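A.B. asks: The structure under discussion is supplied below as C-alpha cells; questions concerning it will follow.
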Number of protein chains: 2
Amino acid sequence: MSDNISLSLAEMRELSENILIDNGFSKDHAKSITDVMAACQQDDCHSHGLFRLFMCTQSMKLGRISGSAQPDVIDAAPSVVRANANGGISLLALDAALPLLIEKTKKNGIAALAINHCYHFSALWPEVEKLSAVGLAGLAMVPSHAWVAPAGGKRGTLGTNPLAFSWPRPGQHPFTFDFATSQFARGEIELYRRAGKPLPEGVAIDKEGQPTTDAEAAMAGAMMTFGGYKGSALSIMIELLAGPLIDDLTSKESMEAADGQPEAPYHGEIIIAFDPNLFSAGKAVANNDRAERLFADIIDQGARLPSQRRYQARERNLARNAVEIPRTLYNDLLALRK
Amino acid sequence: MSDNISLSLAEMRELSENILIDNGFSKDHAKSITDVMAACQQDDCHSHGLFRLFMCTQSMKLGRISGSAQPDVIDAAPSVVRANANGGISLLALDAALPLLIEKTKKNGIAALAINHCYHFSALWPEVEKLSAVGLAGLAMVPSHAWVAPAGGKRGTLGTNPLAFSWPRPGQHPFTFDFATSQFARGEIELYRRAGKPLPEGVAIDKEGQPTTDAEAAMAGAMMTFGGYKGSALSIMIELLAGPLIDDLTSKESMEAADGQPEAPYHGEIIIAFDPNLFSAGKAVANNDRAERLFADIIDQGARLPSQRRYQARERNLARNAVEIPRTLYNDLLALRK
C-alpha cells in the first residue's frame with residue numbers, strides 16, 4: 001500500500017471546502033481559503049497546502065476568528081484600497097478588494113491594498129500571482145508574531161515577516177519569489193526540534209539572547225533575520241509598511257493580542273501593484289524582452305530562477321489532474337469532517 | 001600639523017559647487033549635486049561625500065555625461081511621475097520632479113517617481129529623507145553595473161542594487177536605511193585589494209565562478225549578494241522595478257553601454273512614496289506611537305536602529321557648523337578647480 005493517496009483537483013477542493021464549512025466557515029470564506037490552499041497543494045507546496053486546514057480549524061475552535069465576517073472594501077484614496085476583514089481570515093477580504101486594486105493600478109500606475117483586522121495563515125505567492133496573472137507586478141508584505149530578534153538584539157520583536165514579489169511573463173510562469181525575512185520559518189525550527197537535530201549556527205538565540213543550535217532553546221528564545229543587519233532592516237520596514245502605515249498591529253502587538261494561543265496571527269497586510277504599461281509609457285512589450293534577457297543570463301550560467309520547482313510540480317499535477325498527499329495527512333484531514 | 005582640515009558648511013558647499021561649475025556642470029546641476037554630497041559629508045558619510053566629486057568630474061571628462069541637460073518632468077499617470085534626466089546626473093531630475101511626486105502621494109496615498117536616462121553616483125538615503133522630511137515614507141531602488149552574481153551563478157549579472165527606505169518620525173531623525181544588496185560595496189573590495197588583505201569567505205567568486213578571498217580575483221570575477229538566494233531574489237526585483245518596469249536599463253545593459261569606462265553608471269531609478277495619513281484613514285499620529293514602541297523595543301534590548309552613527313555625526317557637525325576632511329583629500333579636490 002502506497003504511503004500516498006491521490007486526490008483529483010476537484011476532490012481536493014471539495015475536501016477542503018467541506019472541512020472548512022463543517023468547522024464554521026461560510027461558503028464564501030471556504031472558497032477563498034480553498035483557492036489559495038489548493039494553489040499551494042497543486043504546486044506541491046505542502047507546508048501551505050491542505051496541511052493549513054489544521055491551523056484554520058484550530059483557530060476557529062479558539063473562538064476569536066469569524067467564519068462568516070463579510071469584508072468591507074473601502075475606497076480610501078485614489079490609489080489606496082482598504083479592506084476590513086472584520087476578524088475573518090484575510091483571503092475573502094483580498095478577493096473582495098482585488099478588482100478595485102487592479103482597476104486603480106491600471107488607471108493610476110501604482111496602487112496599494114491594505115487588508116486590516118484579519119487572521120493570516122497563507123503563503124503570499126498565490127496573492128501576488130493574482131496580480132501578475134493580469135499583467136501587473138505585485139509586492140506583498142505581512143508581519144506575524146514576534147519570534148525574530150533584530151540584528152544585535154536579544155529577544156523576539158520582529159515577525160518572520162515574509163515578502164513576496166511577482167513579475168508577469170506573458171505566455172509563461174511569472175517570476176515569483178516569497179521568502180521569510182527570518183533565517184528559517186518557524187515551522188522549520190519545529191521540524192528540527194521534533195527530529196532532535198541541531199540547528200545550523202547563526203539561526204537562533206536562546207532566551208538569554210545567546211547563540212544556540214538547540215531547537216528547543218530556540219523555540220523559547222528567538223530566531224535571527226536572514227542576511228544580518230540588512231535583513232533586519234528589511235524586516236523592520238515590513239513591520240512599518242504592513243503595520244503602523246496601514247493602522248494595524250506590529251508583530252509584537254499581534255503576539256500580545258494572541259495571548260499565547262496557537263492560532264493564526266491577527267494583523268494587517270499590504271500589497272502594492274505596479275502597471276508596467278503606465279510606468280513605461282506603453283513600452284511594456286519591449287521591456288518584457290529586456291526582462292527576459294536578464295532571466296536568460298541568470299539561467300545560462302546555471303543559476304535558477306525562484307519558484308521553478310513549484311512550477312514543475314504545477315505542470316505535473318495539472319497534467320494528471322491530481323495531487324498526491326500522505327495517507328496519514330488524508331486520514332487526519334478526514335477526522336476534521338463533522 | 002593635523003592630517004585633517006576643517007571646512008565650514010558654507011565653505012564645503014562653495015568648494016563643491018565651484019569644482020562642479022569649473023568642470024562643466026551648470027549652476028542648477030552643481031546645486032542639486034552639492035545638496036546630496038554635502039548631506040553625506042555632513043553625516044561623515046565620506047564614501048558618498050566630497051570624495052564623489054572625483055567620479056563626477058571624471059565622468060564629465062569622458063564626454064558622455066551632460067552637465068547642462070534640463071530634465072523633463074512628465075505627468076505619466078495619476079500616481080506616476082517620470083523625469084527624463086536627458087543624460088545628466090540624476091539629482092537635478094529628482095529635485096525637479098519631487099514636488100509633483102509629493103503632491104501625487106498626498107493626493108493619492110501612494111505614488112512613484114521613475115527617473116530615466118540618468119547618470120547615478122549618489123547615496124540613496126538623502127533622497128528618501130527628502131520624503132520623510134515632509135511626512136511621507138519613501139523607498140528607493142537603483143541598478144548599477146553587473147558586478148554581482150545571482151545565487152548559484154558564476155558571473156556578474158546583477159548590480160550592487162541598493163535599496164533605501166525612510167520612515168518619518170516627527171520631532172526626531174527618521175528611521176532610515178540604505179544598503180547594497182551585494183555582500184560588499186564595490187569600493188570595499190577595492191579597499192581590500194589596495195591593502196593586500198584577503199576578503200572574508202562568501203563575498204566573491206573569481207572569473208571561473210569559484211569562491212575566492214583574493215580581492216584582485218574578485219574584481220575580475222563577481223561579488224555575491226547578501227543573504228544567499230533571498231538577497232539574490234531581492235536584487236533581481238530591483239533590476240526589474242528600476243529597469244524594465246520604467247523603460248530603462250538593467251545593470252548588464254548599463255555596463256555594456258559604459259563600454260569599460262570608469263564613469264558613473266547610466267540607468268534609471270524608482271522611488272515610491274507612501275502617505276501615512278491616507279493609508280491609516282487619518283490615524284497617522286496614533287500609528288506613529290505604535291512605530292515608536294517598535295523602535296523602543298529594539299533599542300531597549302541593546303540593538304541599534306540603522307543610521308544612528310550618521311545622525312550623531314550630523315549633530316556634531318551642525319553644532320560646530322563644519323566638517324573635517326583629510327588634508328590630502330582637500331588638496332586633491334583643490335586640484336579639480338580650474
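To be explicit about the labels: the chains of the C-alpha cells are called A, B, and onward in the order shown, and within each one the residues are counted from 1, while ligands get numbers from 1 in the order they are shown.
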Run DSSP on the backbone and give me the residues of range 61-306 of chain B it puts in strand (DSSP E or B), as JSON, numbers by chain.
C.D. replies: {"B": [72, 73, 74, 75, 76, 77, 80, 81, 82, 83, 84, 89, 110, 111, 112, 113, 114, 115, 116, 117, 118, 119, 137, 138, 139, 140, 141, 148, 149, 158, 163, 164, 165, 166, 167, 175, 176, 177, 178, 179, 182, 204, 205, 211, 212, 222, 223, 224, 225, 266, 267, 268, 269, 270, 271, 272, 273, 274]}
A.B. asks: At a cut-off of 9 Å, can you tabulate as a Markdown table every residue of range 275-322 of chain A near range 172-190 of chain A together with its closest atom pair and the distance in Å to one decimal, using only C-alpha atoms and ordering rows by chain then number?
C.D. replies:
```
| residue | atom | partner | partner_atom | distance |
| --- | --- | --- | --- | --- |
| A:Phe295 | CA | A:Phe175 | CA | 8.8 |
| A:Leu305 | CA | A:Phe175 | CA | 7.3 |
| A:Pro306 | CA | A:Phe177 | CA | 5.7 |
| A:Ser307 | CA | A:Thr176 | CA | 6.3 |
| A:Gln308 | CA | A:His173 | CA | 8.9 |
| A:Tyr311 | CA | A:His173 | CA | 7.2 |
```
A.B. asks: I'd like the contact shell of Val203 in chain A - 8 Å cut-off, only C-alpha atoms, skipping same-chain residues fewer than 3 positions apart - returned as a list in words.
C.D. replies: Gln183, Phe184, Leu199, Pro200, Thr212, Thr213, Met223, Met224 and Thr225 of chain A
A.B. asks: For the residues in that selection, give me N, CA, C and O atoms as a tab-separated table (two decimals), in the first residue's frame.
C.D. replies:
```tsv
chain	number	residue	atom	x	y	z
A	183	GLN	N	15.78	33.82	9.20
A	183	GLN	CA	16.65	32.81	8.59
A	183	GLN	C	15.84	31.57	8.23
A	183	GLN	O	15.98	31.01	7.16
A	184	PHE	N	15.06	31.13	9.18
A	184	PHE	CA	14.22	29.94	9.00
A	184	PHE	C	12.77	30.36	9.19
A	184	PHE	O	12.49	31.36	9.85
A	199	LEU	N	20.36	22.82	15.15
A	199	LEU	CA	20.19	23.85	14.11
A	199	LEU	C	21.55	24.27	13.58
A	199	LEU	O	22.55	24.15	14.28
A	200	PRO	N	21.60	24.78	12.35
A	200	PRO	CA	22.85	25.40	11.89
A	200	PRO	C	23.19	26.59	12.79
A	200	PRO	O	22.32	27.14	13.46
A	212	THR	N	22.38	29.83	19.86
A	212	THR	CA	22.11	28.43	20.20
A	212	THR	C	21.88	27.62	18.94
A	212	THR	O	21.43	28.16	17.92
A	213	THR	N	22.22	26.33	19.03
A	213	THR	CA	21.86	25.41	17.94
A	213	THR	C	20.83	24.41	18.45
A	213	THR	O	20.47	23.48	17.75
A	223	MET	N	14.41	33.64	16.78
A	223	MET	CA	15.14	33.39	15.53
A	223	MET	C	15.89	34.65	15.15
A	223	MET	O	15.63	35.73	15.67
A	224	MET	N	16.81	34.49	14.21
A	224	MET	CA	17.52	35.65	13.67
A	224	MET	C	17.03	35.93	12.25
A	224	MET	O	16.49	35.05	11.58
A	225	THR	N	17.22	37.18	11.82
A	225	THR	CA	16.82	37.51	10.45
A	225	THR	C	17.85	36.95	9.47
A	225	THR	O	18.98	36.69	9.84
```
A.B. asks: Per DSSP on the backbone, what are the helix (DSSP H, G or I) residues of range 172-258 of chain B, as a PyMOL selection string?
C.D. replies: chain B and resi 186-195+215-220+228-241+244-246+251-258
A.B. asks: Quick one: pull the distance between CA of Val142 in chain B and CA of His48 in chain B, Å, one decimal.
C.D. replies: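 Separation of CA of Val142 in chain B and CA of His48 in chain B: 15.5 Å.
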A.B. asks: If we count only C-alpha atoms and set the cut-off at 9 Å, which residues sit around Leu336 in chain A, ignoring sequence neighbours fewer than 6 positions away in its own chain? Please answer as a list in words.
C.D. replies: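 Here the qualifying residues turn out to be Ile19, Leu20, Asp22, Asn23, Leu53, Phe54 and Thr57 of chain A.
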A.B. asks: I'd like the neighbourhood of range 26-39 of chain B as a ChimeraX atom specification, where a residue qualifies if any of its atoms comes within 9 Å (using only C-alpha atoms), though same-chain residues fewer than 6 positions away should be ignored.
C.D. replies: /B:9,12-14,16-20,45,48-53,67-70,88-95,122-123,126-127,314
A.B. asks: What gap, in Å, lies between CA of Ser59 in chain A and CA of Tyr119 in chain A?
C.D. replies: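 One can read the CA of Ser59 in chain A to CA of Tyr119 in chain A distance as 8.9 Å.
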A.B. asks: If you measure from CA of Cys40 in chain B to CA of Ile5 in chain B, what distance in Å do you get, rounded to one decimal?
C.D. replies: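 Distance reported for this atom pair: 17.0 Å.
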A.B. asks: Would you pick out the contacts of Arg169 in chain B at 10 Å or less, using only C-alpha atoms, so that residues sharing its chain but fewer than 2 positions from it are not included, and give the list as a ChimeraX atom specification?
C.D. replies: /B:132-133,135-137,166-167,171-175,288-289,291-292
A.B. asks: Which is closer to chain B than all the others in A:Lys61, A:Lys207, A:His267, A:Lys230, using only C-alpha atoms?
C.D. replies: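 Nearest to chain B: A:Lys230.
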A.B. asks: List every residue of range 203-320 of chain B that has an atom at most 10 Å from any atom of range 147-154 of chain A, giving for each one its closest atom pair and the distance in Å to one decimal, counting only C-alpha atoms, sorted by chain and then by ascending residue number, as JSON lines.
C.D. replies:
```
{"residue": "B:Asp297", "atom": "CA", "partner": "A:Gly153", "partner_atom": "CA", "distance": 9.6}
{"residue": "B:Ile298", "atom": "CA", "partner": "A:Pro150", "partner_atom": "CA", "distance": 6.8}
{"residue": "B:Ile299", "atom": "CA", "partner": "A:Gly153", "partner_atom": "CA", "distance": 8.3}
{"residue": "B:Asp300", "atom": "CA", "partner": "A:Gly153", "partner_atom": "CA", "distance": 8.8}
{"residue": "B:Gln301", "atom": "CA", "partner": "A:Gly153", "partner_atom": "CA", "distance": 5.6}
{"residue": "B:Gly302", "atom": "CA", "partner": "A:Gly153", "partner_atom": "CA", "distance": 5.9}
{"residue": "B:Ala303", "atom": "CA", "partner": "A:Gly152", "partner_atom": "CA", "distance": 4.7}
{"residue": "B:Arg304", "atom": "CA", "partner": "A:Gly152", "partner_atom": "CA", "distance": 7.1}
{"residue": "B:Leu305", "atom": "CA", "partner": "A:Pro150", "partner_atom": "CA", "distance": 9.2}
```
A.B. asks: Grab the residues selected above and save them as a tab-separated table (two decimals), in the first residue's frame with N, CA and C atoms.
C.D. replies:
```tsv
chain	number	residue	atom	x	y	z
B	297	ASP	N	11.44	49.08	21.58
B	297	ASP	CA	11.67	47.68	21.95
B	297	ASP	C	12.97	47.17	21.32
B	298	ILE	N	13.33	47.69	20.18
B	298	ILE	CA	14.60	47.31	19.54
B	298	ILE	C	15.78	47.90	20.32
B	299	ILE	N	15.65	49.17	20.66
B	299	ILE	CA	16.74	49.86	21.36
B	299	ILE	C	16.91	49.30	22.78
B	300	ASP	N	15.77	49.00	23.42
B	300	ASP	CA	15.79	48.52	24.80
B	300	ASP	C	16.59	47.24	24.97
B	301	GLN	N	16.68	46.42	23.92
B	301	GLN	CA	17.41	45.16	24.04
B	301	GLN	C	18.87	45.30	23.58
B	302	GLY	N	19.32	46.55	23.41
B	302	GLY	CA	20.73	46.76	23.08
B	302	GLY	C	21.03	46.73	21.59
B	303	ALA	N	20.01	46.59	20.75
B	303	ALA	CA	20.22	46.65	19.30
B	303	ALA	C	20.18	48.11	18.86
B	304	ARG	N	20.70	48.38	17.68
B	304	ARG	CA	20.73	49.76	17.19
B	304	ARG	C	19.79	49.91	16.01
B	305	LEU	N	19.17	51.05	15.92
B	305	LEU	CA	18.45	51.37	14.68
B	305	LEU	C	19.50	51.77	13.64
```
A.B. asks: Check the smallest atom-to-atom distance from each of B:Arg316, B:His120, B:Lys130, B:Lys107 to chain A using only C-alpha atoms, then report the winner.
C.D. replies: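 Closest to chain A of all the choices is B:Lys107.
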A.B. asks: Nearest to chain B among A:Leu158, A:Ile271, A:Leu333, A:Met141, with distances taken over only C-alpha atoms: which residue is it?
C.D. replies: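 Of all the options, A:Leu158 lies closest to chain B.
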A.B. asks: Near Asn287 in chain A, within 7 Å and counting only C-alpha atoms, which residues show up once chain neighbours fewer than 6 positions away are dropped, as a ChimeraX atom specification?
C.D. replies: /B:244-245,247
